[in-house]
Amino acid sequence: MTVSVPHSAWQDVPPSQVRRFSALALAEVPELAAGILRQIRREFPNLALVPDDSGEPMALVGIRRALEHFVRQLTAGPERAPAHPPVFQEFGRGQMLHGRSLDSLQAIYRLGVKLAWRRLAEIGGQTGIPAPAMYELAESGFDYLDGLVAETMRGYAEAVARQTGERLRLQRRLLDLLLTEHHRKDRADALAEHAARLGWPLPSHVAVGVLLRPAREAVAPAVGHGVLLDMECEQPRMIVPDPDAAGRPELLRRATAGWSGAMGPPVPLAEAAKSLRWAGAAVRLMELGQLPSGAVLHCTEHTEALVLLPPAELIEDLARRRLAPLLHCGPTQGRRLAETLLAWLETRGGAPEVAARLGVHPQTVRYRLRQIRELWGDEVDDPDRRFELELVLRARRLRGELPAAPGR
């Protein structure tokens, strides 16, 4: 397939005239580049001049190479794509690494093109280049400027990506150090080093959160720069510094809207792994439907569930032993007796108090309490046995096997 090349006005200029223009322009490149840099520095006095390996300012090298490349395109033919010196990518990288935007750099580029065009127009007049060719040269200059800007933006974007990747690597390493259960002797030094490189002030207390993704492609919650967030895990983790600081809970609530998960209790920095352990336990209960989902809950508000539900085997073994008398009852009677026993253990009251809690007649409670005394005998008078009975019955209520207590 043949690609048609637009006709260039320079094709109508005799080759000898083009060569003369090109030779004069190239001969003036060193002086022209130096003059452009002087003018740029007058208008942009804060421009930093960074030397290259040979000691020359990189800005001067870039201007000189750009002028040479641009002029040589005239003799290369219209079908040849314009070349852009790689030093302009370095300019973009430098702007990003020094925390500056590209706006000032683009203004400098435009000034350079304007100054270069003035001198090239003078040389065009000296060599008799026709006006259409010079107009085309001016248009090419601005196209070339767009290419230089594109190269600079590419360098800027590469530096952003590299710095972002390095920051994520440092952040993951810091998270791993903070959440390691078995501490190495040099852990404190490593923590301080990674935190300093990340610009993360070491707080006195932290809370660790574990999140459940609302969807595989869910966008990371905008938790702010102070919160360490690791989205690489199947269940993202975050470390919140000074979790009780003014305004912090509300900011986190807004940032995690639409997410489910759990925040572990605030702990000293060195004990972050403990907060993670509680948050992980809460998330497992959420996945089992034993804790509410749909938001990021706080473990400190669900202590009873976190204490009683995770060691299911131990609680069930204790329940089998302490609730064995109910095996002699039918399912409905056994459930009513268990409900009454728990209400009695929690109120430590008589039939009227227990009846008010259950919403039944006191006489019904008296009848059930007599049955309980017959089934358990003196065990209900032993403080240790009463405590164990209350534990296993509360665990059953948390699992939904018994009605919730009033006010819950």
# chains A, B, ... in the order shown; residues from 1 in each chain; ligands from 1
$ residues_around --residues "Leu191 (chain A)" --least-positions-apart "3" --cutoff "7 Å" --atoms "only C-alpha atoms" --output "ChimeraX atom specification"
/A:174,177,187-188,194-195
$ closest_residue --among "A:Leu37, A:Ala257, A:Ala324, A:Val307" --to "Ala395 (chain A)" --atoms "only C-alpha atoms"
A:Val307
$ residues_around --residues "Ala355 (chain A)" --least-positions-apart "5" --cutoff "8 Å" --atoms "only C-alpha atoms" --output "number ranges by chain"
A: 360-362, 364-365
$ atom_distance --atom1 "CA of Arg394 (chain A)" --atom2 "CA of Leu309 (chain A)"
9.6 Å
$ residues_around --residues "Leu60 (chain A)" --least-positions-apart "6" --cutoff "12 Å" --atoms "only C-alpha atoms" --output "number ranges by chain"
A: 29-41, 48-52, 66-67, 87-88, 91, 112
$ closest_residue --among "A:Ile372, A:Ile108, A:Ala338, A:Leu269" --to "Leu358 (chain A)" --atoms "only C-alpha atoms"
A:Ala338
